[in-house]
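**Student:** One structure follows; several queries about it will come next.
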Amino acid sequence: MQSSTRDDTLLQVSHLRKFFPVRKNLYSKPLYVKAVDDCSFSIQKNTVFGVVGESGSGKTTLGRVLLRLIEATSGSIVFDNTDILSLNPQELRLFRRRMQIISQDPYNSLHPRKVVKKLIGEGLQIHFQLSAQEIDARVRDILTLVGLREEHMYRYPHEFSGGQRQRIAIARALVLKPEFIVLDEPTSALDVSVQAIILKMLKDLKKDFALTYMLITHDLAVIDYMADYVAVMYLGQIVESGSKEDIFKRTAHPYTNLLIDSVPPPTPNEHWSGHILNGEIPSPIHSPSGCRFHPRCPQAKEICKTTEPELLEVQPGHMVMCHFPLGS
Amino acid sequence: MEQQRGDLLDISGLRVEFNTYAGKVKALNGVELWMNHGERLGVVGETGCGKSVTALSVMRLIEEPGEITSGSILFESRDLVQLSEDELNSIRGKDIAMIFQEPVAALNPVMRVGAQIIENIECQRRSADASQIPDKRASSEIMRDMLGRVGLDWQRTENLYPHELSGGMAQRVMIAMALSSKPKLLIADEPTSALDVTIQAQILNLLNKLVRETQTAVLLITHAMGVAAQFCDFIAVMYAGNVVEYGSVQSIFRNPLHPYTKGLLNAVPKIGRTDELQSIPGIVPDLIDPPSGCRFHPRCPYRTSDCDTLEPALRAAKTEPAADRHHVACFLYQNDA
Amino acid sequence: MLDDIRHTVYLWKKTPLALIGTVIICLFLLVALFAPLLAPYSPTATDLSRKLEAPSAAHPFGLDQFGRDVLSRVIMGTRIEVSIIVIISVISIVIGLIVGIVAGYFGGIIDEILMRITDIFLAFPRLVLAMAFAAALRPTLTNAIVAISLVEWTVYARLARAEAMKIRSQPYIEAIRAVGAGNMKIMVFHVLPMSISPIIVQLTMRMGTIILTAASLGFLGLGAQPPLPEWGAIVSDGRSYLMNNWWITAFPGMAIAVTVLGFNLLGDGIRDILDPRIRR
């Protein structure tokens with residue numbers, strides 16, 4: 001999954017870095033929040049690429065850097081054979097249509113003073129030369145597709161529930177006929193039953209429109225439900241990546257293992273081992289030396305404190321960044 | 001009055017309304033809930049079901065424009081609804097303690113952590129014995145001991161301000177303060193919802209250990225099924241202001257009876273689950289103008305003609321064993337034939 | 001939306017300050033609108049034979065040292081005050097919005113430069129600046145208006161910048177960028193509409209100050225020049241006659257006081273109404 005550029009690769013990311021400078025005052029040396037630190041991966045067409053991690057993992061930043069909503073510090077992002085980091089603003093605008101995002105907060109991702117018709121139609125106005133009637137027609141169609149009705153076109157966001165707002169956000173992204181959508185915690189702010197509806201809808205839409213998703217979430221159960229491939233992030237680095245089976249059934253990184261174990265399963269019968277991971281998540285400004293996970297790792301040895309591990313391929317397509325991967 | 005169902009807490013017929021500009025929000029519609037000493041009851045439900053309002057009602061923390069309009073909350077046979085503010089203050093923080101979802105926000109931002117805990121300790125000692133002058137050194141010792149018991153290094157932590165704590169650390173401080181008086185009941189309102197997964201596991205483990213030591217009962221409000229399933233002994237499922245199902249955690253998860261409970265459990269994704277998620281049609285009702293009869297009836301696939309006229313009461317389901325305490329508020333199970 | 005308006009009107013009626021302020025300002029505006037019809041005499045017609053007549057039934061505000069009817073002058077002066085407010089408001093809001101939104105939206109070096117420019121203008125005391133203008137050019141009402149506007153815009157620039165900074169990090173702005181909108185479009189169609197309300201409120205609250213400043217300049221002879229019946233200028237006219245012919249100064253003075261009071265009450269009322277706690 002890493003080095004080959006196959007025909008069905010949609011996105012190829014190499015050595016992506018995003019560092020945020022942080023200055024205590026005008027005179028001290030600048031420190032950096034290494035939000036995304038040398039990440040490389042590729043995403044195949046029509047798949048769901050899950051990115052899972054906790055606070056400080058950099059997963060949210062990664063999604064935004066991919067869409068150039070935040071500018072990368074270095075690295076390359078090749079989308080359909082074009083390095084989008086080298087595009088100028090006009091060229092970038094054309095690519096924007098093909099890569100969309102749906103964010104976490106349904107209450108703030110829609111402009112509060114615009115009606116749904118404008119919210120969804122805006123993108124069409126920017127990218128396509130359509131008459132007002134054509135725009136209206138497309139807006140109407142897309143609303144039906146996400147389970148809303150024509151009269152909703154004339155309402156303001158605050159008149160809708162959280163789940164409905166996410167549908168509007170999805171409609172806004174879909175109406176441009178994109179190929180790739182970044183889903184940033186799309187259902188974290190929603191109730192369980194609403195989450196089920198939205199996740200199922202996203203799955204159906206992916207099939208109907210041949211979409212490719214990057215699903216960013218902290219919820220491993222959602223990853224299990226939606227994703228085909230998974231990358232686990234910790235303090236800006238991808239510590240493990242592979243197919244969903246690799247991650248859940250042939251877990252190789254100690255952090256991934258403890259992360260999965262930390263999730264309380266929603267059935268009381270199962271003995272929750274709760275092998276808990278001790279310690280706090282370190283600050284991304286002062287990350288630990290060597291392997292960044294070593295202070296909290298139950299199997300850390302001397303080498304882990306001094307040397308950053310290499311990326312090992314423990315199974316075809318299954319990569320781990322660890323000196324002593326599990327199961328080997 | 002009926003016999004008390006739970007020897008620690010018995011909520012009966014609790015109704016709470018909020019008088020807002022838009023109208024009267026009938027947030028709680030006759031909540032029935034009970035628990036015994038040392039038990040752990042999880043109250044689960046989605047947004048607007050009234051679980052937080054229920055928790056705040058027990059602490060009598062409902063303020064304008066909300067008010068308790070009827071019902072009783074028996075705490076060890078004293079009705080909290082009838083008590084005066086003074087009597088309540090002698091219970092709050094001592095017999096009943098509460099921790100919240102945003103621990104950093106619940107702490108005083110301009111006081112160091114150590115000082116806040118000491119203040120909490122001295123407050124309790126003073127009310128226990130009004131004449132006693134708090135011994136500063138002894139309070140300090142207790143504070144450091146408490147920080148240690150929740151897994152924090154007092155040397156690092158006691159001089160920090162709340163905003164310098166991580167979410168997990170702040171929640172530990174809250175737990176330390178809450179359990180310091182060895183309360184009989186700890187109400188935890190979404191205590192881990194704002195925390196990372198691994199930190200959540202730590203906090204739940206800590207809570208588990210500590211409440212066993214202090215023999216404290218826990219009323220845990222949560223929307224996360226996994227947390228409820230692993231931490232609690234009993235579950236109360238709430239929908240639109242009512243408890244629709246109540247029972248042991250085994251019986252609820254293994255044999256859900258109420259159509260809403262079934263729908264809810266079918267919607268929860270789980271690692272290793274292979275079948276498709278099921279959703280519940282419709283949306284949560286407007287509590288200013290709620291549906292007549294059973295508030296779930298517009299979304300219920302099994303509704304009958306009675307469901308939109310009569311409100312079902314929470315009654316014992318005829319399931320075995322009785323220790324499961326399985327109750328359900330649904331006419332499907334109340335045909336006394 | 002309609003609900004929101006009804007709620008606002010409901011609160012308006014409950015807030016006595018806002019009501020009184022609204023009434024005063026409405027009167028003010030009506031007088032300005034119908035001034036030529038309301039003024040019983042010409043504001044500039046002189047009659048030296050009847051100079052310094054005390055207030056009477058025919059001339060409720062008396063006559064000044066040139067025999068001009070003070071009431072008519074005050075009434076016509078209302079128009080001048082309104083035009084002063086309008087021109088200053090328009091100029092300062094336009095400049096302030098442009099500078100503030102650009103600075104707040106882009107941040108970084110653009111923000112720094114624009115804010116330092118703003119600081120420079122803010123550092124000038126209005127009256128001193130006006131005096132400098134008057135000294136360098138001729139003292140006229142136009143120059144006074146320019147002088148005031150040159151300092152006034154900085155207030156709105158700062159406000160607009162604060163709003164723009166808040167808004168630009170909102171998820172809905174990010175969403176529009178993802179859809180492909182350019183910076184100009186975002187600033188004008190998305191950031192601007194959300195920034196306007198606090199500026200309108202601030203404007204209302206500052207109108208009182210604007211009138212006072214213009215009147216002060218007129219009083220000092222740096223603004224409106226005779227025979228313009230600008231209130232401050234009329235007050236200045238009557239200075240020498242204050243002991244025996246108090247009406248020349250007193251009536252325009254009261255007009256200034258009442259109008260400024262009206263705007264201040266209105267501003268207070270608006271602020272109270274928008275206070276989220278009271279909006280419960």
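Chain lettering (A, B, ...) mirrors the order of the structure tokens, residue numbering begins at 1 for each chain separately, and ligand numbering begins at 1 in order of display.
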For chain A, work out the contacting residues on chain B at 10 Å, counting only C-alpha atoms, and write them as a ChimeraX atom specification.

**Tutor:** /B:45-47,151,166-169,195-205,223-233,249-254,263-284

**Student:** Counting only C-alpha atoms, which residues of chain C come no farther than 7 Å from chain A, as a ChimeraX atom specification?

**Tutor:** /C:170-172,175,178-181

**Student:** Can you measure CA of Pro284 (chain A) to CA of Ala176 (chain B) for me? One decimal in Å is fine.

**Tutor:**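 These two atoms are separated by 28.1 Å.
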
**Student:** Extract, using only C-alpha atoms, all DNA, RNA and protein residues at most 8 Å from region 231-241 of chain A, discarding same-chain residues fewer than 2 positions from it, and format them as number ranges by chain.

**Tutor:** A: 34-39, 49-54, 56-59, 229, 243, 247, 252-253, 256, 282, 284, 287, 292-293, 317-322

**Student:** Take the selection from the previous step and output its residues with N, CA and C atoms, as a tab-separated table (two decimals), in the first residue's frame.

**Tutor:**
```
chain	number	residue	atom	x	y	z
A	34	LYS	N	4.39	19.60	16.08
A	34	LYS	CA	4.55	18.75	14.90
A	34	LYS	C	3.25	17.99	14.69
A	35	ALA	N	2.28	18.68	14.14
A	35	ALA	CA	0.95	18.10	14.03
A	35	ALA	C	0.95	16.90	13.09
A	36	VAL	N	1.61	17.05	11.95
A	36	VAL	CA	1.72	15.93	11.02
A	36	VAL	C	3.21	15.79	10.73
A	37	ASP	N	3.78	14.65	11.06
A	37	ASP	CA	5.23	14.52	10.99
A	37	ASP	C	5.63	13.35	10.09
A	38	ASP	N	5.89	13.66	8.84
A	38	ASP	CA	6.40	12.66	7.91
A	38	ASP	C	5.42	11.50	7.72
A	39	CYS	N	4.25	11.82	7.20
A	39	CYS	CA	3.26	10.78	6.95
A	39	CYS	C	3.23	10.42	5.48
A	49	PHE	N	-10.74	5.00	3.65
A	49	PHE	CA	-9.46	4.99	4.36
A	49	PHE	C	-9.70	5.61	5.73
A	50	GLY	N	-9.61	4.80	6.76
A	50	GLY	CA	-9.90	5.31	8.10
A	50	GLY	C	-8.64	5.83	8.76
A	51	VAL	N	-8.75	6.95	9.45
A	51	VAL	CA	-7.63	7.47	10.21
A	51	VAL	C	-8.11	7.60	11.65
A	52	VAL	N	-7.47	6.87	12.54
A	52	VAL	CA	-7.95	6.86	13.92
A	52	VAL	C	-6.85	7.34	14.85
A	53	GLY	N	-7.24	8.06	15.89
A	53	GLY	CA	-6.27	8.56	16.84
A	53	GLY	C	-6.96	9.38	17.91
A	54	GLU	N	-6.19	9.77	18.91
A	54	GLU	CA	-6.76	10.57	20.01
A	54	GLU	C	-6.33	12.02	19.88
A	56	GLY	N	-4.21	15.23	19.82
A	56	GLY	CA	-2.79	15.41	19.56
A	56	GLY	C	-2.23	14.45	18.52
A	57	SER	N	-3.08	13.57	17.97
A	57	SER	CA	-2.56	12.62	17.00
A	57	SER	C	-2.30	13.29	15.66
A	58	GLY	N	-3.00	14.38	15.38
A	58	GLY	CA	-2.79	15.07	14.12
A	58	GLY	C	-3.78	14.67	13.04
A	59	LYS	N	-4.74	13.82	13.38
A	59	LYS	CA	-5.64	13.32	12.33
A	59	LYS	C	-6.49	14.42	11.72
A	229	TYR	N	-9.41	0.30	4.88
A	229	TYR	CA	-8.02	0.40	5.33
A	229	TYR	C	-7.97	1.36	6.51
A	243	SER	N	-4.89	-3.13	6.22
A	243	SER	CA	-6.31	-3.37	5.99
A	243	SER	C	-6.99	-3.44	7.35
A	247	ILE	N	-5.46	-4.55	11.14
A	247	ILE	CA	-5.45	-3.72	12.34
A	247	ILE	C	-6.17	-4.39	13.50
A	252	ALA	N	-0.38	-5.08	15.33
A	252	ALA	CA	1.06	-5.18	15.46
A	252	ALA	C	1.67	-4.13	16.37
A	253	HIS	N	1.00	-2.97	16.52
A	253	HIS	CA	1.61	-1.93	17.35
A	253	HIS	C	0.99	-1.94	18.74
A	256	THR	N	-1.92	0.54	19.21
A	256	THR	CA	-3.16	0.10	18.58
A	256	THR	C	-3.85	-0.94	19.45
A	282	PRO	N	1.28	12.88	25.63
A	282	PRO	CA	2.27	13.95	25.73
A	282	PRO	C	1.92	15.14	24.83
A	284	PRO	N	2.33	17.70	21.88
A	284	PRO	CA	2.98	17.57	20.57
A	284	PRO	C	4.14	18.54	20.36
A	287	SER	N	7.62	16.28	22.08
A	287	SER	CA	7.34	14.84	22.03
A	287	SER	C	8.55	14.07	22.54
A	292	ARG	N	8.05	7.74	20.01
A	292	ARG	CA	7.24	8.69	20.78
A	292	ARG	C	6.31	8.01	21.77
A	293	PHE	N	6.07	6.75	21.57
A	293	PHE	CA	5.15	6.05	22.45
A	293	PHE	C	5.86	5.43	23.65
A	317	GLY	N	1.41	-4.99	2.76
A	317	GLY	CA	0.48	-3.88	2.94
A	317	GLY	C	0.26	-3.48	4.38
A	318	HIS	N	0.80	-4.21	5.33
A	318	HIS	CA	0.58	-3.93	6.75
A	318	HIS	C	1.87	-3.35	7.32
A	319	MET	N	1.88	-2.05	7.62
A	319	MET	CA	3.10	-1.37	8.07
A	319	MET	C	3.01	-1.03	9.55
A	320	VAL	N	4.14	-1.14	10.25
A	320	VAL	CA	4.19	-0.80	11.67
A	320	VAL	C	5.45	0.00	11.96
A	321	MET	N	5.33	0.97	12.86
A	321	MET	CA	6.50	1.74	13.24
A	321	MET	C	6.88	1.34	14.66
A	322	CYS	N	7.61	0.25	14.82
A	322	CYS	CA	7.88	-0.26	16.15
A	322	CYS	C	9.12	-1.14	16.09
```

**Student:** Quick one: everything within 9 Å of region 208-210 of chain C, counting only C-alpha atoms, minus sequence neighbours fewer than 4 positions away in the same chain. Send it as a list in words.

**Tutor:**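 My list of contacting residues is Ile84, Ile85, Ile88, Ser89, Ile148, Glu152, Thr204, Ala214, Ala215, Ile256, Thr259, Val260, Leu261, Gly262, Phe263 and Asn264 of chain C.
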
**Student:** Generate the output file for the selected residues, C-alpha atoms, as a PDB file, in the first residue's frame.

**Tutor:**
```
ATOM      1  CA  ILE C  84     -23.471  65.404   9.541  1.00  0.00           C
ATOM      2  CA  ILE C  85     -24.336  62.093  11.161  1.00  0.00           C
ATOM      3  CA  ILE C  88     -19.696  60.724   8.915  1.00  0.00           C
ATOM      4  CA  SER C  89     -21.341  57.354   9.503  1.00  0.00           C
ATOM      5  CA  ILE C 148     -14.118  63.648  12.420  1.00  0.00           C
ATOM      6  CA  GLU C 152     -14.061  57.785  13.656  1.00  0.00           C
ATOM      7  CA  THR C 204     -26.004  53.979  17.245  1.00  0.00           C
ATOM      8  CA  ALA C 214     -19.509  68.359  15.503  1.00  0.00           C
ATOM      9  CA  ALA C 215     -21.244  70.819  17.797  1.00  0.00           C
ATOM     10  CA  ILE C 256     -28.143  69.086  21.493  1.00  0.00           C
ATOM     11  CA  THR C 259     -30.792  64.532  20.934  1.00  0.00           C
ATOM     12  CA  VAL C 260     -27.578  63.152  22.369  1.00  0.00           C
ATOM     13  CA  LEU C 261     -29.568  61.779  25.283  1.00  0.00           C
ATOM     14  CA  GLY C 262     -31.955  60.151  22.866  1.00  0.00           C
ATOM     15  CA  PHE C 263     -29.167  58.401  21.011  1.00  0.00           C
ATOM     16  CA  ASN C 264     -27.522  57.283  24.206  1.00  0.00           C
TER      17      ASN C 264
END
```

**Student:** Taking the backbone alone, and naming residues the way the document does, which bits of region 215-280 of chain B are helix (DSSP H, G or I) by DSSP, as number ranges by chain?

**Tutor:** B: 225-231, 249-254, 259-267

**Student:** Have a look at CA of Ile235 (chain B) and CA of Gly50 (chain B) and let me know their distance in Å, one decimal.

**Tutor:**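 CA of Gly50 (chain B) lies at a distance of 14.8 Å from CA of Ile235 (chain B).
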
**Student:** Just give me the gap between CA of Leu80 (chain B) and CA of Ile62 (chain B) in Å, one decimal is fine.

**Tutor:** 12.6 Å

**Student:** Write out, as a tab-separated table, each residue of chain B that has an atom at most 10 Å from chain C, together with the closest pair of atoms and their distance in Å to one decimal, counting only C-alpha atoms, rows going by chain and rising number.

**Tutor:**
```
residue	atom	partner	partner_atom	distance
B:Thr20	CA	C:Arg280	CA	7.5
B:Tyr21	CA	C:Arg280	CA	7.1
B:Ala22	CA	C:Asp3	CA	9.4
B:Pro65	CA	C:Arg280	CA	9.1
```
